[in-house]
file coords_32.cif (mmCIF, C-alpha atoms (C1' of nucleotides))
data_data
#
loop_
_atom_site.group_PDB
_atom_site.id
_atom_site.type_symbol
_atom_site.label_atom_id
_atom_site.label_comp_id
_atom_site.auth_asym_id
_atom_site.auth_seq_id
_atom_site.Cartn_x
_atom_site.Cartn_y
_atom_site.Cartn_z
ATOM 1 C CA MET J 1 4.939 -6.576 -7.354
ATOM 2 C CA ASP J 2 7.701 -8.512 -5.640
ATOM 3 C CA GLU J 3 7.361 -12.255 -5.292
ATOM 4 C CA ARG J 4 9.471 -14.375 -2.975
ATOM 5 C CA GLN J 5 9.482 -18.023 -2.062
ATOM 6 C CA ILE J 6 10.612 -19.654 1.158
ATOM 7 C CA GLY J 7 10.054 -23.332 1.646
ATOM 8 C CA SER J 8 6.558 -24.026 0.392
ATOM 9 C CA LEU J 9 5.411 -20.505 1.184
ATOM 10 C CA ARG J 10 5.042 -17.823 -1.449
ATOM 11 C CA PHE J 11 4.828 -14.132 -0.660
ATOM 12 C CA GLN J 12 3.856 -11.209 -2.837
ATOM 13 C CA LEU J 13 4.691 -7.888 -1.262
ATOM 14 C CA ASP J 14 3.988 -4.390 -2.492
ATOM 15 C CA LEU J 15 3.901 -0.900 -1.061
ATOM 16 C CA SER J 16 0.126 -0.427 -1.085
ATOM 17 C CA GLN J 17 -0.222 -1.846 2.406
ATOM 18 C CA PRO J 18 1.889 -2.313 5.536
ATOM 19 C CA ILE J 19 4.305 -5.183 5.012
ATOM 20 C CA TYR J 20 3.489 -6.820 8.339
ATOM 21 C CA GLU J 21 -0.178 -6.963 7.323
ATOM 22 C CA GLN J 22 0.593 -8.576 4.005
ATOM 23 C CA ILE J 23 2.670 -11.227 5.753
ATOM 24 C CA LEU J 24 -0.144 -11.739 8.237
ATOM 25 C CA GLN J 25 -2.797 -12.072 5.570
ATOM 26 C CA GLN J 26 -0.881 -14.304 3.216
ATOM 27 C CA MET J 27 0.258 -16.597 6.005
ATOM 28 C CA SER J 28 -3.268 -16.798 7.374
ATOM 29 C CA SER J 29 -4.591 -17.601 3.926
ATOM 30 C CA ALA J 30 -2.120 -20.417 3.524
ATOM 31 C CA VAL J 31 -3.105 -21.926 6.869
ATOM 32 C CA VAL J 32 -6.827 -21.577 6.337
ATOM 33 C CA ARG J 33 -6.605 -23.149 2.897
ATOM 34 C CA GLY J 34 -4.587 -26.046 4.224
ATOM 35 C CA GLU J 35 -1.378 -25.150 2.429
ATOM 36 C CA ILE J 36 0.415 -25.351 5.762
ATOM 37 C CA ALA J 37 -0.225 -28.397 7.897
ATOM 38 C CA LEU J 38 -1.562 -28.088 11.425
ATOM 39 C CA GLY J 39 1.198 -28.027 14.041
ATOM 40 C CA GLU J 40 3.808 -27.275 11.434
ATOM 41 C CA LYS J 41 6.709 -24.998 12.214
ATOM 42 C CA ILE J 42 6.874 -21.811 10.191
ATOM 43 C CA PRO J 43 10.094 -19.983 9.331
ATOM 44 C CA SER J 44 11.859 -18.244 12.197
ATOM 45 C CA VAL J 45 11.602 -14.488 12.498
ATOM 46 C CA ARG J 46 15.154 -13.956 11.280
ATOM 47 C CA GLU J 47 14.860 -16.513 8.511
ATOM 48 C CA LEU J 48 11.692 -15.040 7.020
ATOM 49 C CA ALA J 49 13.034 -11.522 7.463
ATOM 50 C CA GLN J 50 16.077 -12.399 5.428
ATOM 51 C CA ALA J 51 14.043 -14.163 2.745
ATOM 52 C CA LEU J 52 11.672 -11.207 2.382
ATOM 53 C CA LYS J 53 14.452 -8.657 2.764
ATOM 54 C CA VAL J 54 12.774 -6.867 5.620
ATOM 55 C CA THR J 55 13.665 -6.263 9.249
ATOM 56 C CA PRO J 56 13.079 -8.980 11.843
ATOM 57 C CA ASN J 57 10.941 -6.453 13.705
ATOM 58 C CA THR J 58 8.496 -6.338 10.832
ATOM 59 C CA VAL J 59 8.126 -10.111 10.755
ATOM 60 C CA MET J 60 7.774 -10.139 14.537
ATOM 61 C CA HIS J 61 4.890 -7.736 14.245
ATOM 62 C CA ALA J 62 3.067 -10.095 11.890
ATOM 63 C CA TYR J 63 3.847 -13.154 14.030
ATOM 64 C CA GLN J 64 2.568 -11.515 17.186
ATOM 65 C CA GLU J 65 -0.696 -10.627 15.507
ATOM 66 C CA MET J 66 -1.077 -14.205 14.368
ATOM 67 C CA GLU J 67 -0.591 -15.493 17.862
ATOM 68 C CA ARG J 68 -3.022 -12.942 19.217
ATOM 69 C CA SER J 69 -5.672 -14.342 16.887
ATOM 70 C CA GLY J 70 -4.927 -17.890 18.034
ATOM 71 C CA LEU J 71 -3.615 -19.029 14.700
ATOM 72 C CA THR J 72 -0.115 -19.829 15.932
ATOM 73 C CA GLU J 73 1.661 -20.864 19.096
ATOM 74 C CA THR J 74 5.136 -19.583 19.838
ATOM 75 C CA ARG J 75 7.593 -21.482 21.943
ATOM 76 C CA ARG J 76 10.493 -19.379 23.093
ATOM 77 C CA GLY J 77 13.744 -20.866 21.942
ATOM 78 C CA GLN J 78 12.009 -23.287 19.607
ATOM 79 C CA GLY J 79 10.079 -21.326 17.075
ATOM 80 C CA THR J 80 6.587 -20.459 15.906
ATOM 81 C CA PHE J 81 4.104 -23.196 15.057
ATOM 82 C CA ILE J 82 0.701 -23.299 13.441
ATOM 83 C CA THR J 83 -1.875 -24.317 16.017
ATOM 84 C CA SER J 84 -2.676 -28.020 15.921
ATOM 85 C CA SER J 85 -6.337 -27.371 16.668
ATOM 86 C CA ARG J 86 -8.381 -27.729 13.513
ATOM 87 C CA GLU J 87 -11.294 -26.225 15.377
ATOM 88 C CA ARG J 88 -9.399 -23.065 16.128
ATOM 89 C CA VAL J 89 -8.420 -22.633 12.502
ATOM 90 C CA GLU J 90 -12.011 -23.150 11.435
ATOM 91 C CA GLN J 91 -13.202 -20.599 13.939
ATOM 92 C CA PHE J 92 -10.607 -18.116 12.783
ATOM 93 C CA ARG J 93 -11.682 -18.648 9.197
ATOM 94 C CA SER J 94 -15.374 -18.175 9.776
ATOM 95 C CA GLU J 95 -14.940 -15.208 12.065
ATOM 96 C CA LEU J 96 -12.777 -13.505 9.482
ATOM 97 C CA ALA J 97 -15.274 -14.333 6.754
ATOM 98 C CA ASP J 98 -18.034 -12.838 8.861
ATOM 99 C CA GLU J 99 -16.150 -9.585 9.221
ATOM 100 C CA VAL J 100 -15.393 -9.447 5.521
ATOM 101 C CA ILE J 101 -19.036 -10.066 4.652
ATOM 102 C CA ASP J 102 -20.274 -7.488 7.128
ATOM 103 C CA ALA J 103 -17.958 -4.819 5.785
ATOM 104 C CA PHE J 104 -18.919 -5.716 2.229
ATOM 105 C CA LEU J 105 -22.649 -5.518 2.860
ATOM 106 C CA GLN J 106 -22.290 -2.263 4.722
ATOM 107 C CA ARG J 107 -20.398 -0.657 1.874
ATOM 108 C CA MET J 108 -22.849 -1.885 -0.742
ATOM 109 C CA MET J 109 -25.869 -0.728 1.248
ATOM 110 C CA ALA J 110 -24.244 2.683 1.596
ATOM 111 C CA LEU J 111 -24.263 2.770 -2.199
ATOM 112 C CA GLY J 112 -27.967 2.007 -2.194
ATOM 113 C CA TYR J 113 -27.819 -1.639 -3.247
ATOM 114 C CA SER J 114 -30.313 -4.029 -1.680
ATOM 115 C CA LEU J 115 -29.489 -7.597 -0.791
ATOM 116 C CA ALA J 116 -31.400 -8.685 -3.872
ATOM 117 C CA ASP J 117 -29.328 -6.318 -6.027
ATOM 118 C CA ILE J 118 -26.141 -7.664 -4.553
ATOM 119 C CA ARG J 119 -27.126 -11.238 -5.259
ATOM 120 C CA LYS J 120 -27.835 -10.361 -8.873
ATOM 121 C CA LEU J 121 -24.480 -8.658 -9.258
ATOM 122 C CA LEU J 122 -22.737 -11.714 -7.833
ATOM 123 C CA GLU J 123 -24.596 -14.080 -10.143
ATOM 124 C CA ARG J 124 -23.350 -12.006 -13.020
ATOM 125 C CA ARG J 125 -19.776 -12.640 -11.875
ATOM 126 C CA GLN J 126 -20.386 -16.328 -12.105
ATOM 127 C CA GLY J 127 -20.975 -15.688 -15.822
ATOM 128 C CA GLY J 128 -19.618 -18.637 -17.810
ATOM 129 C CA GLY J 129 -18.897 -20.745 -14.736
ATOM 130 C CA SER J 130 -20.715 -23.555 -12.939
ATOM 131 C CA ARG J 131 -24.344 -23.035 -12.193
ATOM 132 C CA MET U 1 -18.894 8.225 17.446
ATOM 133 C CA ASP U 2 -19.528 11.895 16.750
ATOM 134 C CA GLU U 3 -22.588 12.875 14.767
ATOM 135 C CA ARG U 4 -23.106 16.273 13.197
ATOM 136 C CA GLN U 5 -25.787 17.753 10.997
ATOM 137 C CA ILE U 6 -25.484 20.536 8.444
ATOM 138 C CA GLY U 7 -28.473 21.363 6.297
ATOM 139 C CA SER U 8 -29.904 18.039 5.202
ATOM 140 C CA LEU U 9 -26.537 16.293 5.470
ATOM 141 C CA ARG U 10 -25.590 14.118 8.386
ATOM 142 C CA PHE U 11 -22.044 13.127 9.193
ATOM 143 C CA GLN U 12 -20.684 10.551 11.570
ATOM 144 C CA LEU U 13 -16.978 10.909 12.153
ATOM 145 C CA ASP U 14 -14.662 8.750 14.205
ATOM 146 C CA LEU U 15 -10.933 8.167 14.495
ATOM 147 C CA SER U 16 -10.789 4.764 12.830
ATOM 148 C CA GLN U 17 -10.271 6.283 9.405
ATOM 149 C CA PRO U 18 -8.959 9.494 7.856
ATOM 150 C CA ILE U 19 -11.544 12.257 8.280
ATOM 151 C CA TYR U 20 -11.324 13.369 4.663
ATOM 152 C CA GLU U 21 -12.204 9.845 3.548
ATOM 153 C CA GLN U 22 -15.215 9.679 5.808
ATOM 154 C CA ILE U 23 -16.469 12.972 4.418
ATOM 155 C CA LEU U 24 -15.831 11.696 0.910
ATOM 156 C CA GLN U 25 -17.635 8.418 1.483
ATOM 157 C CA GLN U 26 -20.631 9.817 3.312
ATOM 158 C CA MET U 27 -21.112 12.611 0.827
ATOM 159 C CA SER U 28 -20.800 10.160 -2.076
ATOM 160 C CA SER U 29 -23.324 7.858 -0.448
ATOM 161 C CA ALA U 30 -25.796 10.702 -0.076
ATOM 162 C CA VAL U 31 -25.465 11.647 -3.725
ATOM 163 C CA VAL U 32 -25.661 8.110 -5.037
ATOM 164 C CA ARG U 33 -28.729 7.389 -2.958
ATOM 165 C CA GLY U 34 -30.424 10.546 -4.159
ATOM 166 C CA GLU U 35 -30.337 12.312 -0.806
ATOM 167 C CA ILE U 36 -28.723 15.271 -2.529
ATOM 168 C CA ALA U 37 -30.318 16.506 -5.728
ATOM 169 C CA LEU U 38 -28.316 16.699 -8.945
ATOM 170 C CA GLY U 39 -26.811 20.133 -9.535
ATOM 171 C CA GLU U 40 -27.306 21.081 -5.920
ATOM 172 C CA LYS U 41 -24.773 23.243 -4.113
ATOM 173 C CA ILE U 42 -23.039 21.606 -1.201
ATOM 174 C CA PRO U 43 -21.695 23.477 1.828
ATOM 175 C CA SER U 44 -18.656 25.637 1.240
ATOM 176 C CA VAL U 45 -15.292 24.412 2.407
ATOM 177 C CA ARG U 46 -15.206 26.812 5.341
ATOM 178 C CA GLU U 47 -18.816 26.212 6.255
ATOM 179 C CA LEU U 48 -18.510 22.444 6.413
ATOM 180 C CA ALA U 49 -15.187 22.729 8.202
ATOM 181 C CA GLN U 50 -16.791 24.797 10.916
ATOM 182 C CA ALA U 51 -19.786 22.482 11.209
ATOM 183 C CA LEU U 52 -17.574 19.398 11.512
ATOM 184 C CA LYS U 53 -15.015 21.183 13.646
ATOM 185 C CA VAL U 54 -12.149 20.331 11.365
ATOM 186 C CA THR U 55 -9.729 22.363 9.314
ATOM 187 C CA PRO U 56 -10.771 23.738 5.918
ATOM 188 C CA ASN U 57 -7.798 21.865 4.491
ATOM 189 C CA THR U 58 -9.323 18.570 5.492
ATOM 190 C CA VAL U 59 -12.630 19.374 3.815
ATOM 191 C CA MET U 60 -10.745 20.591 0.759
ATOM 192 C CA HIS U 61 -9.022 17.254 0.513
ATOM 193 C CA ALA U 62 -12.366 15.465 0.422
ATOM 194 C CA TYR U 63 -13.859 17.913 -2.071
ATOM 195 C CA GLN U 64 -10.932 17.610 -4.446
ATOM 196 C CA GLU U 65 -11.215 13.830 -4.431
ATOM 197 C CA MET U 66 -14.906 14.116 -5.238
ATOM 198 C CA GLU U 67 -14.203 16.345 -8.173
ATOM 199 C CA ARG U 68 -11.472 14.042 -9.398
ATOM 200 C CA SER U 69 -14.010 11.224 -9.540
ATOM 201 C CA GLY U 70 -16.428 13.408 -11.484
ATOM 202 C CA LEU U 71 -19.033 13.532 -8.750
ATOM 203 C CA THR U 72 -18.862 17.301 -8.264
ATOM 204 C CA GLU U 73 -18.037 20.442 -10.206
ATOM 205 C CA THR U 74 -16.354 23.345 -8.482
ATOM 206 C CA ARG U 75 -16.770 26.910 -9.635
ATOM 207 C CA ARG U 76 -14.198 29.259 -8.224
ATOM 208 C CA GLY U 77 -15.880 32.022 -6.312
ATOM 209 C CA GLN U 78 -19.259 30.295 -6.394
ATOM 210 C CA GLY U 79 -18.941 27.000 -4.606
ATOM 211 C CA THR U 80 -19.000 23.253 -5.145
ATOM 212 C CA PHE U 81 -21.937 21.596 -6.863
ATOM 213 C CA ILE U 82 -23.060 18.037 -7.402
ATOM 214 C CA THR U 83 -22.786 17.158 -11.059
ATOM 215 C CA SER U 84 -26.069 17.552 -12.903
ATOM 216 C CA SER U 85 -25.365 14.501 -15.048
ATOM 217 C CA ARG U 86 -27.373 11.553 -13.807
ATOM 218 C CA GLU U 87 -25.320 9.358 -16.121
ATOM 219 C CA ARG U 88 -22.107 10.370 -14.421
ATOM 220 C CA VAL U 89 -23.502 9.577 -10.985
ATOM 221 C CA GLU U 90 -24.690 6.201 -12.188
ATOM 222 C CA GLN U 91 -21.296 5.452 -13.661
ATOM 223 C CA PHE U 92 -19.593 6.462 -10.437
ATOM 224 C CA ARG U 93 -21.930 4.209 -8.467
ATOM 225 C CA SER U 94 -21.443 1.140 -10.595
ATOM 226 C CA GLU U 95 -17.704 1.569 -10.905
ATOM 227 C CA LEU U 96 -17.393 1.843 -7.158
ATOM 228 C CA ALA U 97 -19.634 -1.181 -6.668
ATOM 229 C CA ASP U 98 -17.450 -3.137 -9.071
ATOM 230 C CA GLU U 99 -14.354 -2.340 -7.075
ATOM 231 C CA VAL U 100 -16.040 -3.246 -3.809
ATOM 232 C CA ILE U 101 -17.229 -6.560 -5.219
ATOM 233 C CA ASP U 102 -13.830 -7.380 -6.677
ATOM 234 C CA ALA U 103 -12.076 -6.722 -3.407
ATOM 235 C CA PHE U 104 -14.675 -8.736 -1.537
ATOM 236 C CA LEU U 105 -14.410 -11.766 -3.807
ATOM 237 C CA GLN U 106 -10.635 -11.655 -3.718
ATOM 238 C CA ARG U 107 -10.581 -11.639 0.075
ATOM 239 C CA MET U 108 -13.097 -14.460 0.326
ATOM 240 C CA MET U 109 -11.263 -16.601 -2.233
ATOM 241 C CA ALA U 110 -8.075 -16.057 -0.262
ATOM 242 C CA LEU U 111 -9.910 -17.662 2.644
ATOM 243 C CA GLY U 112 -10.785 -20.631 0.469
ATOM 244 C CA TYR U 113 -14.438 -19.854 -0.168
ATOM 245 C CA SER U 114 -15.846 -20.690 -3.589
ATOM 246 C CA LEU U 115 -18.425 -18.548 -5.325
ATOM 247 C CA ALA U 116 -21.029 -21.123 -4.355
ATOM 248 C CA ASP U 117 -19.952 -20.924 -0.709
ATOM 249 C CA ILE U 118 -20.187 -17.157 -0.790
ATOM 250 C CA ARG U 119 -23.682 -17.257 -2.221
ATOM 251 C CA LYS U 120 -24.768 -19.592 0.547
ATOM 252 C CA LEU U 121 -23.319 -17.336 3.227
ATOM 253 C CA LEU U 122 -25.120 -14.345 1.765
ATOM 254 C CA GLU U 123 -28.440 -16.226 1.630
ATOM 255 C CA ARG U 124 -28.003 -16.940 5.287
ATOM 256 C CA ARG U 125 -27.787 -13.190 5.968
ATOM 257 C CA GLN U 126 -31.080 -12.659 4.222
ATOM 258 C CA GLY U 127 -32.789 -15.234 6.389
ATOM 259 C CA GLY U 128 -31.263 -14.249 9.718
ATOM 260 C CA GLY U 129 -32.067 -10.644 8.910
ATOM 261 C CA SER U 130 -29.993 -8.623 11.420
ATOM 262 C CA ARG U 131 -29.934 -5.972 8.673
ATOM 263 C "C1'" DT N 1 -16.620 49.784 -7.662
ATOM 264 C "C1'" DC N 2 -16.328 47.432 -3.407
ATOM 265 C "C1'" DC N 3 -16.684 43.535 -0.561
ATOM 266 C "C1'" DA N 4 -18.203 39.317 1.353
ATOM 267 C "C1'" DG N 5 -18.063 34.721 0.204
ATOM 268 C "C1'" DT N 6 -16.188 31.358 -2.667
ATOM 269 C "C1'" DG N 7 -12.101 27.859 -4.071
ATOM 270 C "C1'" DT N 8 -7.045 27.368 -3.783
ATOM 271 C "C1'" DA N 9 -2.155 27.375 -2.387
ATOM 272 C "C1'" DT N 10 1.546 27.600 0.808
ATOM 273 C "C1'" DT N 11 4.110 27.128 5.005
ATOM 274 C "C1'" DA N 12 5.014 25.401 9.533
ATOM 275 C "C1'" DC N 13 4.169 22.251 13.084
ATOM 276 C "C1'" DG N 14 2.786 18.055 15.739
ATOM 277 C "C1'" DT N 15 1.475 13.262 15.966
ATOM 278 C "C1'" DG N 16 1.080 8.444 14.897
ATOM 279 C "C1'" DT N 17 2.216 4.535 12.005
ATOM 280 C "C1'" DT N 18 5.442 1.958 9.575
ATOM 281 C "C1'" DA N 19 9.941 0.294 8.672
ATOM 282 C "C1'" DT N 20 14.886 0.108 9.362
ATOM 283 C "C1'" DG N 21 19.162 -0.997 11.903
ATOM 284 C "C1'" DA N 22 21.531 -2.228 15.845
ATOM 285 C "C1'" DT N 23 21.943 -4.245 20.143
ATOM 286 C "C1'" DA N 24 20.857 -7.008 23.951
ATOM 287 C "C1'" DC N 25 18.450 -10.488 26.723
ATOM 288 C "C1'" DA N 26 16.028 -15.084 27.650
ATOM 289 C "C1'" DC N 27 15.111 -19.533 26.440
ATOM 290 C "C1'" DT N 28 15.711 -24.409 24.299
ATOM 291 C "C1'" DC N 29 17.993 -28.165 22.563
ATOM 292 C "C1'" DA N 30 21.759 -30.839 20.704
ATOM 293 C "C1'" DT O 1 28.597 -24.453 25.709
ATOM 294 C "C1'" DG O 2 26.855 -22.620 21.536
ATOM 295 C "C1'" DA O 3 23.736 -22.068 17.807
ATOM 296 C "C1'" DG O 4 19.205 -20.989 16.930
ATOM 297 C "C1'" DT O 5 14.978 -19.482 18.734
ATOM 298 C "C1'" DG O 6 11.529 -15.511 20.458
ATOM 299 C "C1'" DT O 7 11.591 -10.899 22.577
ATOM 300 C "C1'" DA O 8 12.623 -6.087 24.003
ATOM 301 C "C1'" DT O 9 14.536 -1.630 23.458
ATOM 302 C "C1'" DC O 10 16.503 2.403 21.371
ATOM 303 C "C1'" DA O 11 17.430 5.699 17.721
ATOM 304 C "C1'" DT O 12 16.341 7.157 13.284
ATOM 305 C "C1'" DA O 13 13.742 8.138 9.090
ATOM 306 C "C1'" DA O 14 9.799 8.601 6.009
ATOM 307 C "C1'" DC O 15 5.175 9.311 5.319
ATOM 308 C "C1'" DA O 16 0.177 10.377 6.052
ATOM 309 C "C1'" DC O 17 -2.931 13.086 8.462
ATOM 310 C "C1'" DG O 18 -4.630 16.969 10.726
ATOM 311 C "C1'" DT O 19 -4.162 21.662 12.530
ATOM 312 C "C1'" DA O 20 -3.266 26.605 12.213
ATOM 313 C "C1'" DA O 21 -2.372 30.720 9.909
ATOM 314 C "C1'" DT O 22 -1.925 33.381 5.954
ATOM 315 C "C1'" DA O 23 -2.429 34.829 1.393
ATOM 316 C "C1'" DC O 24 -4.180 34.882 -3.377
ATOM 317 C "C1'" DA O 25 -7.824 34.594 -7.199
ATOM 318 C "C1'" DC O 26 -12.331 34.647 -8.598
ATOM 319 C "C1'" DT O 27 -17.547 35.668 -8.507
ATOM 320 C "C1'" DG O 28 -21.741 37.971 -7.730
ATOM 321 C "C1'" DG O 29 -24.460 41.217 -5.479
ATOM 322 C "C1'" DA O 30 -24.926 45.608 -2.961
#
call {"tool": "encode", "arguments": {"input": "coords_32.cif", "output": "structure tokens"}}
result
Amino acid sequence: MDERQIGSLRFQLDLSQPIYEQILQQMSSAVVRGEIALGEKIPSVRELAQALKVTPNTVMHAYQEMERSGLTETRRGQGTFITSSRERVEQFRSELADEVIDAFLQRMMALGYSLADIRKLLERRQGGGSR
Amino acid sequence: MDERQIGSLRFQLDLSQPIYEQILQQMSSAVVRGEIALGEKIPSVRELAQALKVTPNTVMHAYQEMERSGLTETRRGQGTFITSSRERVEQFRSELADEVIDAFLQRMMALGYSLADIRKLLERRQGGGSR
DNA sequence: TCCAGTGTATTACGTGTTATGATACACTCA
DNA sequence: TGAGTGTATCATAACACGTAATACACTGGA
């Protein structure tokens, strides 16, 4: 696992997944968790490419996906910025969560687990934690 | 979405995922949910290939993965059979469930959801009941 | 013993995705 | 004007996936 830092951002890249998707996911995570401020400028395509030792094209791919999902706004000649709409970030977060939950439930049901079963299994994870 | 039936098995194949993985997953589901009896013979490589209109190689790929995970036993010249060990099937099921849950929790945490949040979201599914 | 039906292996080919590397263009701002 | 942006294009390579064809090894029943 390769770990690289640029500004306040931290990236962990491996070969198990397309690089552009890992950039996309980790950047989205950072935004959604408030680790990047709304309206903030993120590294330029070339800058991040150099920091991560990948091709600008690969970073571009990730950035374009982010804009497509409304998470960023790009201004030609200026750079790429996190959207300043808190609402949009919230919507992105909950929509993504919905998809993740749907896929999870579908896979578990295919294995014959009921919703009640799933809840029990999750409680078990909580184990020594808060309850 | 293409749906095909062979014996008691039903397969739904699309292009969103490798075919061999869809065969693997749907066959595993059927076993784990008891839709295929323990020790039962499953269609031969050529037979299933013809029914699904794919190449024998593709079915082979799926079958080899199933054997690697201990779900089936292959007997050269005879065919491929579901393991007759209920214990092994149970172990396969719970191991797979563990992996699915781990991946799910990791993705949700990356989006900033706590275990308590996740439980609440799942409860909501139960109430809304869109299955 | 033969043979049809099994699993298995190999080779060649085509396609799509991913990533690289290089180059060029368009835009913005100091 | 020039440096720094996003953007587009081309060629190339590697890899995964699927197809197609062929061949081999094994088993059980006729």
call {"tool": "resolve_selection", "arguments": {"input": "coords_32.cif", "expression": "the PyMOL selection byres ((chain O and resi 21) around 12)", "output": "number ranges by chain"}}
result
U: 55-57; N: 10-13; O: 19-20, 22-23
call {"tool": "write_last_selection", "arguments": {"input": "coords_32.cif", "atoms": "C-alpha atoms (C1' of nucleotides)", "output": "tab-separated table (two decimals), keeping the file's coordinate frame"}}
result
chain	number	residue	atom	x	y	z
U	55	THR	CA	-9.73	22.36	9.31
U	56	PRO	CA	-10.77	23.74	5.92
U	57	ASN	CA	-7.80	21.86	4.49
N	10	DT	C1'	1.55	27.60	0.81
N	11	DT	C1'	4.11	27.13	5.00
N	12	DA	C1'	5.01	25.40	9.53
N	13	DC	C1'	4.17	22.25	13.08
O	19	DT	C1'	-4.16	21.66	12.53
O	20	DA	C1'	-3.27	26.60	12.21
O	22	DT	C1'	-1.92	33.38	5.95
O	23	DA	C1'	-2.43	34.83	1.39
call {"tool": "residues_around", "arguments": {"input": "coords_32.cif", "residues": "range 20-25 of chain J", "least_positions_apart": "5", "cutoff": "9 Å", "atoms": "only C-alpha atoms (C1' of nucleotides)", "output": "ChimeraX atom specification"}}
result
/J:11-14,30,58-63,65-66 /U:110
call {"tool": "interface_residues", "arguments": {"input": "coords_32.cif", "of": "chain J", "to": "chain O", "cutoff": "7 Å", "atoms": "all atoms listed in the file", "output": "PyMOL selection string"}}
result
chain J and resi 76-79
call {"tool": "closest_residue", "arguments": {"input": "coords_32.cif", "among": "U:Ala116, U:Val54, U:Leu71, U:Val45", "to": "chain N", "atoms": "all atoms listed in the file"}}
result
U:Val45
call {"tool": "resolve_selection", "arguments": {"input": "coords_32.cif", "expression": "the PyMOL selection byres ((chain U and resi 72) around 6)", "output": "tab-separated table (two decimals) with C-alpha atoms, keeping the file's coordinate frame"}}
result
chain	number	residue	atom	x	y	z
U	66	MET	CA	-14.91	14.12	-5.24
U	67	GLU	CA	-14.20	16.34	-8.17
U	70	GLY	CA	-16.43	13.41	-11.48
U	71	LEU	CA	-19.03	13.53	-8.75
U	73	GLU	CA	-18.04	20.44	-10.21
U	81	PHE	CA	-21.94	21.60	-6.86
U	82	ILE	CA	-23.06	18.04	-7.40
U	83	THR	CA	-22.79	17.16	-11.06
